[in-house]
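Data from structure.cif: mmCIF, C-alpha atoms and all ligand atoms
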```
data_structure
loop_
_atom_site.group_PDB
_atom_site.id
_atom_site.type_symbol
_atom_site.label_atom_id
_atom_site.label_comp_id
_atom_site.auth_asym_id
_atom_site.auth_seq_id
_atom_site.Cartn_x
_atom_site.Cartn_y
_atom_site.Cartn_z
ATOM 1 C CA MET A 1 0.000 0.000 0.000
ATOM 2 C CA ASN A 2 2.936 2.202 0.807
ATOM 3 C CA ILE A 3 1.167 4.848 2.783
ATOM 4 C CA VAL A 4 3.691 4.416 5.594
ATOM 5 C CA LYS A 5 7.324 3.660 4.658
ATOM 6 C CA THR A 6 9.609 1.190 6.456
ATOM 7 C CA GLY A 7 11.593 2.995 9.135
ATOM 8 C CA THR A 8 8.795 5.415 10.080
ATOM 9 C CA ASP A 9 8.659 6.327 13.759
ATOM 10 C CA ILE A 10 5.498 6.721 15.833
ATOM 11 C CA LEU A 11 5.333 10.503 15.596
ATOM 12 C CA ASN A 12 5.649 10.458 11.825
ATOM 13 C CA ALA A 13 3.187 7.614 11.488
ATOM 14 C CA ILE A 14 0.579 9.709 13.304
ATOM 15 C CA LYS A 15 1.214 12.579 10.890
ATOM 16 C CA ILE A 16 1.079 10.319 7.818
ATOM 17 C CA GLY A 17 -2.157 8.756 9.034
ATOM 18 C CA GLU A 18 -3.611 12.186 9.718
ATOM 19 C CA ASP A 19 -2.766 13.445 6.224
ATOM 20 C CA TYR A 20 -4.189 10.306 4.630
ATOM 21 C CA LEU A 21 -7.482 10.553 6.521
ATOM 22 C CA LYS A 22 -7.724 14.301 5.959
ATOM 23 C CA ASN A 23 -7.415 13.672 2.224
ATOM 24 C CA LYS A 24 -10.266 11.188 2.447
ATOM 25 C CA GLY A 25 -12.441 13.833 4.096
ATOM 26 C CA ILE A 26 -12.496 12.207 7.544
ATOM 27 C CA GLN A 27 -13.392 14.578 10.395
ATOM 28 C CA GLY A 28 -10.840 14.996 13.195
ATOM 29 C CA PRO A 29 -8.094 13.156 11.287
ATOM 30 C CA HIS A 30 -5.368 13.739 13.884
ATOM 31 C CA LEU A 31 -7.303 12.136 16.714
ATOM 32 C CA GLU A 32 -8.489 9.329 14.457
ATOM 33 C CA SER A 33 -4.941 8.569 13.388
ATOM 34 C CA GLU A 34 -3.815 8.486 17.022
ATOM 35 C CA VAL A 35 -6.686 6.209 18.035
ATOM 36 C CA LEU A 36 -5.999 3.734 15.235
ATOM 37 C CA LEU A 37 -2.266 3.683 15.874
ATOM 38 C CA SER A 38 -2.664 3.260 19.615
ATOM 39 C CA TYR A 39 -5.010 0.346 18.917
ATOM 40 C CA ILE A 40 -2.429 -1.316 16.620
ATOM 41 C CA LEU A 41 0.441 -0.735 19.039
ATOM 42 C CA LYS A 42 -1.683 -1.585 22.109
ATOM 43 C CA LYS A 43 -0.670 1.662 23.780
ATOM 44 C CA GLU A 44 -2.532 4.547 25.350
ATOM 45 C CA ARG A 45 -2.587 7.671 23.178
ATOM 46 C CA ILE A 46 -0.331 9.481 25.637
ATOM 47 C CA GLU A 47 2.229 6.664 25.373
ATOM 48 C CA LEU A 48 2.519 7.285 21.647
ATOM 49 C CA TYR A 49 4.139 10.601 22.481
ATOM 50 C CA MET A 50 6.298 9.187 25.252
ATOM 51 C CA GLU A 51 7.660 6.676 22.739
ATOM 52 C CA LYS A 52 7.445 8.883 19.674
ATOM 53 C CA ASP A 53 10.896 7.980 18.261
ATOM 54 C CA ILE A 54 10.301 4.219 18.228
ATOM 55 C CA MET A 55 10.125 2.775 14.724
ATOM 56 C CA LEU A 56 7.144 0.725 13.608
ATOM 57 C CA SER A 57 7.802 -2.879 12.549
ATOM 58 C CA ASP A 58 6.699 -3.917 9.062
ATOM 59 C CA GLU A 59 3.888 -5.895 10.632
ATOM 60 C CA GLU A 60 2.665 -2.841 12.530
ATOM 61 C CA ILE A 61 2.922 -0.741 9.391
ATOM 62 C CA ASN A 62 0.782 -3.229 7.460
ATOM 63 C CA ALA A 63 -1.831 -3.356 10.195
ATOM 64 C CA PHE A 64 -1.925 0.448 10.458
ATOM 65 C CA GLU A 65 -2.233 0.831 6.696
ATOM 66 C CA GLU A 66 -5.091 -1.634 6.601
ATOM 67 C CA MET A 67 -6.914 0.359 9.268
ATOM 68 C CA LEU A 68 -6.278 3.656 7.489
ATOM 69 C CA LEU A 69 -7.610 2.202 4.267
ATOM 70 C CA LYS A 70 -10.843 1.007 5.901
ATOM 71 C CA ARG A 71 -11.276 4.221 7.876
ATOM 72 C CA GLY A 72 -10.681 6.171 4.669
ATOM 73 C CA GLU A 73 -13.492 4.213 3.020
ATOM 74 C CA GLY A 74 -15.778 5.341 5.832
ATOM 75 C CA VAL A 75 -15.811 2.404 8.264
ATOM 76 C CA PRO A 76 -16.347 3.976 11.728
ATOM 77 C CA THR A 77 -13.355 3.826 14.067
ATOM 78 C CA SER A 78 -15.289 1.999 16.779
ATOM 79 C CA TYR A 79 -16.043 -0.873 14.389
ATOM 80 C CA LEU A 80 -12.338 -1.075 13.548
ATOM 81 C CA THR A 81 -11.077 -1.009 17.118
ATOM 82 C CA GLY A 82 -14.053 -2.926 18.536
ATOM 83 C CA SER A 83 -14.601 -0.483 21.358
ATOM 84 C CA ARG A 84 -15.927 2.883 22.433
ATOM 85 C CA GLU A 85 -15.648 4.833 25.653
ATOM 86 C CA PHE A 86 -18.907 5.721 27.372
ATOM 87 C CA LEU A 87 -18.960 7.382 30.791
ATOM 88 C CA SER A 88 -15.278 6.513 31.134
ATOM 89 C CA MET A 89 -15.949 2.810 30.549
ATOM 90 C CA ASP A 90 -14.538 0.990 27.573
ATOM 91 C CA PHE A 91 -17.462 -0.825 25.912
ATOM 92 C CA ILE A 92 -17.233 -3.604 23.337
ATOM 93 C CA ILE A 93 -18.681 -2.424 20.023
ATOM 94 C CA ALA A 94 -19.174 -4.300 16.757
ATOM 95 C CA PRO A 95 -20.982 -3.800 13.461
ATOM 96 C CA GLY A 96 -24.679 -4.394 14.087
ATOM 97 C CA VAL A 97 -24.931 -2.126 17.131
ATOM 98 C CA LEU A 98 -25.232 1.631 17.277
ATOM 99 C CA ILE A 99 -22.007 3.358 18.288
ATOM 100 C CA PRO A 100 -22.587 5.144 21.617
ATOM 101 C CA ARG A 101 -23.002 8.900 21.365
ATOM 102 C CA ALA A 102 -21.993 11.564 23.886
ATOM 103 C CA GLU A 103 -25.624 12.746 24.234
ATOM 104 C CA THR A 104 -26.582 9.379 25.683
ATOM 105 C CA GLU A 105 -24.177 9.960 28.583
ATOM 106 C CA LEU A 106 -26.434 12.816 29.535
ATOM 107 C CA LEU A 107 -29.486 10.541 29.500
ATOM 108 C CA VAL A 108 -27.790 8.068 31.834
ATOM 109 C CA GLU A 109 -26.502 10.810 34.132
ATOM 110 C CA GLU A 110 -30.006 12.254 34.444
ATOM 111 C CA VAL A 111 -31.494 8.867 35.347
ATOM 112 C CA ILE A 112 -28.741 8.233 37.866
ATOM 113 C CA SER A 113 -29.193 11.602 39.537
ATOM 114 C CA LEU A 114 -32.982 11.146 39.710
ATOM 115 C CA LEU A 115 -32.526 7.710 41.267
ATOM 116 C CA GLN A 116 -29.959 8.994 43.713
ATOM 117 C CA GLY A 117 -32.432 11.672 44.737
ATOM 118 C CA CYS A 118 -35.157 9.117 45.509
ATOM 119 C CA GLY A 119 -35.698 7.767 49.002
ATOM 120 C CA GLU A 120 -33.960 4.558 50.125
ATOM 121 C CA SER A 121 -37.143 2.478 49.849
ATOM 122 C CA PHE A 122 -37.390 3.346 46.175
ATOM 123 C CA LYS A 123 -33.866 2.113 45.704
ATOM 124 C CA GLU A 124 -34.316 -1.217 47.425
ATOM 125 C CA HIS A 125 -35.618 -3.267 44.541
ATOM 126 C CA ILE A 126 -35.712 -1.170 41.472
ATOM 127 C CA ASN A 127 -36.870 -2.598 38.185
ATOM 128 C CA ILE A 128 -35.456 -0.733 35.238
ATOM 129 C CA ILE A 129 -36.264 -1.297 31.582
ATOM 130 C CA ASP A 130 -33.794 -0.189 28.909
ATOM 131 C CA LEU A 131 -35.645 -0.266 25.605
ATOM 132 C CA GLY A 132 -33.453 -0.753 22.552
ATOM 133 C CA THR A 133 -30.386 -1.568 24.598
ATOM 134 C CA GLY A 134 -28.007 -1.868 21.610
ATOM 135 C CA SER A 135 -24.511 -2.346 22.993
ATOM 136 C CA GLY A 136 -25.972 -2.219 26.495
ATOM 137 C CA ILE A 137 -24.337 1.058 27.510
ATOM 138 C CA ILE A 138 -27.389 2.342 29.373
ATOM 139 C CA ALA A 139 -28.290 -0.934 31.079
ATOM 140 C CA VAL A 140 -24.723 -1.670 32.131
ATOM 141 C CA SER A 141 -23.817 1.775 33.393
ATOM 142 C CA ILE A 142 -26.967 1.971 35.528
ATOM 143 C CA ALA A 143 -26.674 -1.614 36.800
ATOM 144 C CA ARG A 144 -23.140 -0.902 37.980
ATOM 145 C CA LEU A 145 -24.264 1.882 40.266
ATOM 146 C CA PHE A 146 -27.324 0.366 41.921
ATOM 147 C CA PRO A 147 -26.537 -2.908 43.663
ATOM 148 C CA THR A 148 -30.146 -3.937 44.214
ATOM 149 C CA CYS A 149 -31.570 -3.142 40.823
ATOM 150 C CA ARG A 150 -32.771 -5.496 38.112
ATOM 151 C CA VAL A 151 -32.384 -4.177 34.601
ATOM 152 C CA TYR A 152 -34.421 -5.592 31.727
ATOM 153 C CA ALA A 153 -32.471 -4.855 28.550
ATOM 154 C CA VAL A 154 -34.661 -5.214 25.484
ATOM 155 C CA ASP A 155 -33.733 -5.251 21.816
ATOM 156 C CA ILE A 156 -35.129 -6.735 18.602
ATOM 157 C CA SER A 157 -31.618 -7.478 17.429
ATOM 158 C CA LYS A 158 -29.933 -10.740 18.478
ATOM 159 C CA LYS A 159 -26.572 -9.284 17.592
ATOM 160 C CA ALA A 160 -27.196 -6.302 19.870
ATOM 161 C CA LEU A 161 -28.107 -8.583 22.772
ATOM 162 C CA GLU A 162 -24.951 -10.621 22.181
ATOM 163 C CA ILE A 163 -22.780 -7.516 22.402
ATOM 164 C CA ALA A 164 -24.748 -6.165 25.368
ATOM 165 C CA SER A 165 -24.221 -9.470 27.246
ATOM 166 C CA LEU A 166 -20.488 -9.309 26.587
ATOM 167 C CA ASN A 167 -20.477 -5.812 28.049
ATOM 168 C CA ALA A 168 -22.463 -6.965 31.067
ATOM 169 C CA VAL A 169 -19.810 -9.607 31.707
ATOM 170 C CA ARG A 170 -16.989 -7.138 31.111
ATOM 171 C CA PHE A 171 -18.388 -4.867 33.816
ATOM 172 C CA ASN A 172 -19.507 -7.631 36.204
ATOM 173 C CA VAL A 173 -23.222 -6.941 36.098
ATOM 174 C CA GLU A 174 -24.418 -9.983 34.148
ATOM 175 C CA ASP A 175 -26.392 -11.268 37.138
ATOM 176 C CA LYS A 176 -28.291 -7.970 37.375
ATOM 177 C CA ILE A 177 -29.434 -7.737 33.769
ATOM 178 C CA THR A 178 -32.113 -9.814 32.060
ATOM 179 C CA PHE A 179 -31.773 -9.701 28.283
ATOM 180 C CA ILE A 180 -34.971 -9.891 26.287
ATOM 181 C CA GLU A 181 -35.257 -10.299 22.542
ATOM 182 C CA GLY A 182 -38.388 -8.568 21.383
ATOM 183 C CA ASP A 183 -40.014 -5.347 20.364
ATOM 184 C CA PHE A 184 -40.673 -2.442 22.677
ATOM 185 C CA LEU A 185 -42.419 -3.431 25.856
ATOM 186 C CA SER A 186 -43.173 -6.971 24.699
ATOM 187 C CA CYS A 187 -41.288 -7.881 27.829
ATOM 188 C CA ILE A 188 -43.685 -6.214 30.211
ATOM 189 C CA GLN A 189 -46.237 -8.979 30.218
ATOM 190 C CA SER A 190 -43.807 -11.869 29.945
ATOM 191 C CA CYS A 191 -41.763 -10.572 32.868
ATOM 192 C CA GLY A 192 -44.739 -9.436 34.942
ATOM 193 C CA LEU A 193 -43.573 -5.839 35.019
ATOM 194 C CA GLU A 194 -46.953 -4.182 34.617
ATOM 195 C CA GLY A 195 -47.266 -1.564 37.364
ATOM 196 C CA LYS A 196 -43.992 -2.781 38.876
ATOM 197 C CA THR A 197 -41.395 -0.818 36.977
ATOM 198 C CA HIS A 198 -39.493 2.052 38.548
ATOM 199 C CA VAL A 199 -37.640 3.354 35.506
ATOM 200 C CA ILE A 200 -38.088 3.146 31.748
ATOM 201 C CA VAL A 201 -35.173 4.552 29.837
ATOM 202 C CA SER A 202 -34.639 4.542 26.106
ATOM 203 C CA ASN A 203 -32.573 5.999 23.321
ATOM 204 C CA PRO A 204 -34.787 4.672 20.527
ATOM 205 C CA PRO A 205 -34.286 5.066 16.774
ATOM 206 C CA TYR A 206 -35.478 8.592 16.009
ATOM 207 C CA ILE A 207 -34.258 9.661 12.587
ATOM 208 C CA PRO A 208 -37.144 10.338 10.155
ATOM 209 C CA THR A 209 -36.961 7.754 7.348
ATOM 210 C CA ASP A 210 -36.436 10.260 4.561
ATOM 211 C CA GLN A 211 -33.494 11.823 6.388
ATOM 212 C CA ILE A 212 -31.485 8.614 6.617
ATOM 213 C CA GLU A 213 -30.098 9.265 3.119
ATOM 214 C CA THR A 214 -28.812 12.670 4.205
ATOM 215 C CA LEU A 215 -26.736 11.292 7.095
ATOM 216 C CA GLN A 216 -22.952 11.056 6.869
ATOM 217 C CA LYS A 217 -21.781 8.066 4.826
ATOM 218 C CA GLU A 218 -20.127 6.469 7.837
ATOM 219 C CA ILE A 219 -23.454 6.427 9.661
ATOM 220 C CA LYS A 220 -25.873 5.498 6.893
ATOM 221 C CA ASP A 221 -23.632 2.899 5.257
ATOM 222 C CA TYR A 222 -22.308 1.222 8.396
ATOM 223 C CA GLU A 223 -24.546 1.645 11.423
ATOM 224 C CA PRO A 224 -27.635 -0.563 11.715
ATOM 225 C CA ILE A 225 -30.654 1.037 10.079
ATOM 226 C CA THR A 226 -33.000 -0.480 12.668
ATOM 227 C CA ALA A 227 -31.146 1.495 15.345
ATOM 228 C CA LEU A 228 -31.598 4.740 13.427
ATOM 229 C CA ASP A 229 -34.894 4.748 11.537
ATOM 230 C CA GLY A 230 -37.751 6.158 13.616
ATOM 231 C CA GLY A 231 -40.412 6.043 10.894
ATOM 232 C CA ARG A 232 -41.968 8.818 8.793
ATOM 233 C CA ASP A 233 -41.524 11.638 11.313
ATOM 234 C CA GLY A 234 -39.020 9.846 13.539
ATOM 235 C CA LEU A 235 -41.513 9.533 16.395
ATOM 236 C CA ASP A 236 -42.815 5.983 15.866
ATOM 237 C CA CYS A 237 -41.015 4.512 18.857
ATOM 238 C CA TYR A 238 -42.177 7.269 21.192
ATOM 239 C CA ARG A 239 -45.787 6.615 20.150
ATOM 240 C CA GLU A 240 -45.266 3.004 21.139
ATOM 241 C CA ILE A 241 -43.230 3.516 24.284
ATOM 242 C CA ILE A 242 -45.074 6.364 26.014
ATOM 243 C CA PRO A 243 -48.607 4.878 26.408
ATOM 244 C CA SER A 244 -47.172 1.503 27.444
ATOM 245 C CA ALA A 245 -44.822 3.199 29.880
ATOM 246 C CA ALA A 246 -47.849 4.736 31.564
ATOM 247 C CA ASN A 247 -49.196 1.210 32.263
ATOM 248 C CA CYS A 248 -45.926 -0.166 33.295
ATOM 249 C CA LEU A 249 -44.462 2.374 35.725
ATOM 250 C CA ILE A 250 -45.267 2.560 39.417
ATOM 251 C CA LYS A 251 -46.517 5.839 40.887
ATOM 252 C CA GLY A 252 -43.442 8.076 41.038
ATOM 253 C CA GLY A 253 -41.704 5.974 38.380
ATOM 254 C CA ILE A 254 -39.361 7.659 35.921
ATOM 255 C CA LEU A 255 -39.634 7.808 32.140
ATOM 256 C CA ALA A 256 -36.438 9.079 30.510
ATOM 257 C CA LEU A 257 -36.052 9.374 26.756
ATOM 258 C CA GLU A 258 -33.389 10.621 24.407
ATOM 259 C CA VAL A 259 -34.893 12.438 21.417
ATOM 260 C CA GLY A 260 -33.783 13.895 18.072
ATOM 261 C CA TYR A 261 -32.516 17.488 18.133
ATOM 262 C CA ASN A 262 -35.925 18.978 17.207
ATOM 263 C CA GLN A 263 -38.310 16.409 18.713
ATOM 264 C CA ALA A 264 -38.487 17.297 22.411
ATOM 265 C CA GLN A 265 -41.658 19.392 22.198
ATOM 266 C CA ALA A 266 -43.487 16.761 20.115
ATOM 267 C CA VAL A 267 -42.460 14.040 22.568
ATOM 268 C CA LYS A 268 -43.561 16.232 25.485
ATOM 269 C CA ILE A 269 -47.007 16.496 23.861
ATOM 270 C CA LEU A 270 -47.172 12.705 23.448
ATOM 271 C CA ILE A 271 -46.425 12.372 27.158
ATOM 272 C CA GLU A 272 -49.013 15.007 28.124
ATOM 273 C CA GLU A 273 -51.661 13.279 26.016
ATOM 274 C CA THR A 274 -51.542 10.184 28.218
ATOM 275 C CA LYS A 275 -52.552 12.365 31.218
ATOM 276 C CA SER A 276 -50.557 9.904 33.310
ATOM 277 C CA PHE A 277 -47.384 11.875 33.891
ATOM 278 C CA LYS A 278 -46.311 14.969 35.801
ATOM 279 C CA SER A 279 -43.108 17.026 36.078
ATOM 280 C CA ILE A 280 -42.158 16.746 32.428
ATOM 281 C CA THR A 281 -38.656 18.168 32.059
ATOM 282 C CA ILE A 282 -36.449 18.732 29.064
ATOM 283 C CA LYS A 283 -32.658 18.880 29.239
ATOM 284 C CA LYS A 284 -30.364 20.326 26.619
ATOM 285 C CA ASP A 285 -27.247 18.614 25.343
ATOM 286 C CA TYR A 286 -23.805 20.260 25.115
ATOM 287 C CA ALA A 287 -24.636 21.581 21.658
ATOM 288 C CA GLY A 288 -27.695 23.351 23.097
ATOM 289 C CA TYR A 289 -30.327 21.005 21.587
ATOM 290 C CA GLU A 290 -33.257 19.803 23.676
ATOM 291 C CA ARG A 291 -32.123 16.205 23.927
ATOM 292 C CA ILE A 292 -33.576 14.467 26.973
ATOM 293 C CA VAL A 293 -37.240 14.356 27.970
ATOM 294 C CA MET A 294 -38.149 13.043 31.400
ATOM 295 C CA ALA A 295 -41.412 12.615 33.228
ATOM 296 C CA ILE A 296 -42.719 11.151 36.465
ATOM 297 C CA ARG A 297 -45.677 8.737 36.579
ATOM 298 C CA LYS A 298 -48.598 10.269 38.507
HETATM 299 N N1 LIG B 1 -29.216 2.139 23.761
HETATM 300 C C1 LIG B 1 -28.183 2.120 22.788
HETATM 301 C C2 LIG B 1 -27.460 3.446 22.755
HETATM 302 O O1 LIG B 1 -27.916 4.388 23.323
HETATM 303 C C3 LIG B 1 -28.709 1.780 21.401
HETATM 304 C C4 LIG B 1 -29.701 2.773 20.902
HETATM 305 C C5 LIG B 1 -30.239 2.398 19.540
HETATM 306 O O2 LIG B 1 -29.912 1.343 18.996
HETATM 307 N N2 LIG B 1 -31.038 3.272 19.012
HETATM 308 O O3 LIG B 1 -26.410 3.584 22.186
#
```
Serialized structure, structure tokens:
Amino acid sequence: MNIVKTGTDILNAIKIGEDYLKNKGIQGPHLESEVLLSYILKKERIELYMEKDIMLSDEEINAFEEMLLKRGEGVPTSYLTGSREFLSMDFIIAPGVLIPRAETELLVEEVISLLQGCGESFKEHINIIDLGTGSGIIAVSIARLFPTCRVYAVDISKKALEIASLNAVRFNVEDKITFIEGDFLSCIQSCGLEGKTHVIVSNPPYIPTDQIETLQKEIKDYEPITALDGGRDGLDCYREIIPSAANCLIKGGILALEVGYNQAQAVKILIEETKSFKSITIKKDYAGYERIVMAIRK
């Protein structure tokens, strides 16, 4: 391939990778080059600079070039390295699951702070449902913090549940999570959760169908469409989740949803229409978009 010549040291390899990716139109090429190289060399990014004069072996050069080539074609970095950091935890990621986004950290943090603010009795045996668990980031990060909770992690995708179970094992919470293959809330009846659930949290697919084509190539060509496509106006899942959540949650139970950048008000109306919730709150993400909608079951 000859992108990186024999005898190249780490510092130069980063620069060569950066230039290559920049040429291919990849965003943040410097960081991406560092991430790929640190994956190949099994080093932290900071170590690359501590060992910047070390030369790459031919084997390492080949592996790095292969990664650059794939990344240049648009394959997302997380699918190449098999991982992604979420709330400072390194999650296993593979094609077939949505790559965790920073906004979702906010969703989890909000749920955690609401739960921490609840009385001790509420915390004793909490049942939590994570709808559309994907890689399991939400289920796992909540399960880790609440020793007495039971999380029901639901997804229609077998592949997603496989990855989510691996993450549960990685973070030692496999005995606290029940994985359920099915559509939204199909688990409620089978698991006897009607009126017994304390939290329903979800980052469902919310992109309107006709906007999928307009997404960046690396999203639309590589990430699972079922994790993205929210139907004609992007709100299909909310229409399904919200009325069922009203049946499922206990009094005082929490509904917490991530929404598309312009969907919060529409989702708020869907929640109001059930007449079953109070204290509907909307939180903005770091970019200033209304991103999280939460409500408490009356
Ligand atoms: N819950 C997972 C996440 O937030 C997957 C979401 C999805 O597939 N839409 O990343």
*Would you name the residues within 10 Å of ligand LIG 1 (chain B), counting all atoms listed in the file, and put them as an MDAnalysis selection string?*
chainID A and resid 86 96:105 107:108 130:139 153:157 160 164 201:207 223:230 258
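Residue nearest Ile93 in chain A within the list A:Glu162, A:Glu18, A:Glu181, A:Glu34: A:Glu162 [criterion: smallest interatomic distance, only C-alpha atoms].
Residue neighbourhood of range 61-78 of chain A, excluding near-sequence residues (fewer than 4 positions): Met1, Asn2, Ile3, Val4, Lys5, Thr6, Gly17, Tyr20, Leu21, Lys24, Gly25, Ile26, Glu32, Ser33, Leu36, Leu37, Ile40, Leu56, Ser57, Gly82, Ser83, Arg84, Ile93, Ala94, Ile99, Lys217, Glu218, Ile219 and Tyr222 of chain A, at 8 Å, using all atoms listed in the file.
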Write the residues of the preceding selection, restricted to C-alpha atoms, as a PDB file, in the coordinates of the input.
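Wrote selection.pdb, looks like this:
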```pdb
ATOM      1  CA  MET A   1       0.000   0.000   0.000  1.00  0.00           C
ATOM      2  CA  ASN A   2       2.936   2.202   0.807  1.00  0.00           C
ATOM      3  CA  ILE A   3       1.167   4.848   2.783  1.00  0.00           C
ATOM      4  CA  VAL A   4       3.691   4.416   5.594  1.00  0.00           C
ATOM      5  CA  LYS A   5       7.324   3.660   4.658  1.00  0.00           C
ATOM      6  CA  THR A   6       9.609   1.190   6.456  1.00  0.00           C
ATOM      7  CA  GLY A  17      -2.157   8.756   9.034  1.00  0.00           C
ATOM      8  CA  TYR A  20      -4.189  10.306   4.630  1.00  0.00           C
ATOM      9  CA  LEU A  21      -7.482  10.553   6.521  1.00  0.00           C
ATOM     10  CA  LYS A  24     -10.266  11.188   2.447  1.00  0.00           C
ATOM     11  CA  GLY A  25     -12.441  13.833   4.096  1.00  0.00           C
ATOM     12  CA  ILE A  26     -12.496  12.207   7.544  1.00  0.00           C
ATOM     13  CA  GLU A  32      -8.489   9.329  14.457  1.00  0.00           C
ATOM     14  CA  SER A  33      -4.941   8.569  13.388  1.00  0.00           C
ATOM     15  CA  LEU A  36      -5.999   3.734  15.235  1.00  0.00           C
ATOM     16  CA  LEU A  37      -2.266   3.683  15.874  1.00  0.00           C
ATOM     17  CA  ILE A  40      -2.429  -1.316  16.620  1.00  0.00           C
ATOM     18  CA  LEU A  56       7.144   0.725  13.608  1.00  0.00           C
ATOM     19  CA  SER A  57       7.802  -2.879  12.549  1.00  0.00           C
ATOM     20  CA  GLY A  82     -14.053  -2.926  18.536  1.00  0.00           C
ATOM     21  CA  SER A  83     -14.601  -0.483  21.358  1.00  0.00           C
ATOM     22  CA  ARG A  84     -15.927   2.883  22.433  1.00  0.00           C
ATOM     23  CA  ILE A  93     -18.681  -2.424  20.023  1.00  0.00           C
ATOM     24  CA  ALA A  94     -19.174  -4.300  16.757  1.00  0.00           C
ATOM     25  CA  ILE A  99     -22.007   3.358  18.288  1.00  0.00           C
ATOM     26  CA  LYS A 217     -21.781   8.066   4.826  1.00  0.00           C
ATOM     27  CA  GLU A 218     -20.127   6.469   7.837  1.00  0.00           C
ATOM     28  CA  ILE A 219     -23.454   6.427   9.661  1.00  0.00           C
ATOM     29  CA  TYR A 222     -22.308   1.222   8.396  1.00  0.00           C
TER      30      TYR A 222
END
```
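Of the residues listed (A:Leu185, A:Ile282, A:Ala168, A:Ala287), A:Ile282 shows the shortest atom-to-atom separation from Val259 in chain A; distances use all atoms listed in the file.
Taking CA of Gln27 in chain A as the reference point, CA of Leu215 in chain A is found at 14.1 Å.
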_Two-atom distance - CA of Val140 in chain A, CA of Val169 in chain A (Å)_ = 9.3 Å
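Applied to the file shown here, the PyMOL selection byres (((chain A and resi 294) around 7) and not hetatm) selects the residues Leu255, Ala256, Leu257, Ile280, Thr281, Ile282, Ile292, Val293 and Ala295 of chain A.
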Could the residues in this selection be written to a file with C-alpha atoms, as a tab-separated table (two decimals), in the frame of the given file?
```
chain	number	residue	atom	x	y	z
A	255	LEU	CA	-39.63	7.81	32.14
A	256	ALA	CA	-36.44	9.08	30.51
A	257	LEU	CA	-36.05	9.37	26.76
A	280	ILE	CA	-42.16	16.75	32.43
A	281	THR	CA	-38.66	18.17	32.06
A	282	ILE	CA	-36.45	18.73	29.06
A	292	ILE	CA	-33.58	14.47	26.97
A	293	VAL	CA	-37.24	14.36	27.97
A	295	ALA	CA	-41.41	12.62	33.23
```
Each residue of range 78-159 of chain A with at least one atom at most 10 Å from range 247-250 of chain A should appear once, together with its nearest atom pair and the corresponding distance in Å (one decimal); atoms considered: all atoms listed in the file; ordering: chain, then increasing residue number; output as a tab-separated table.
```
residue	atom	partner	partner_atom	distance
A:Asn127	CA	A:Leu249	CA	9.4
A:Ile128	CA	A:Leu249	CA	9.5
A:Ile129	CA	A:Cys248	CA	9.9
```
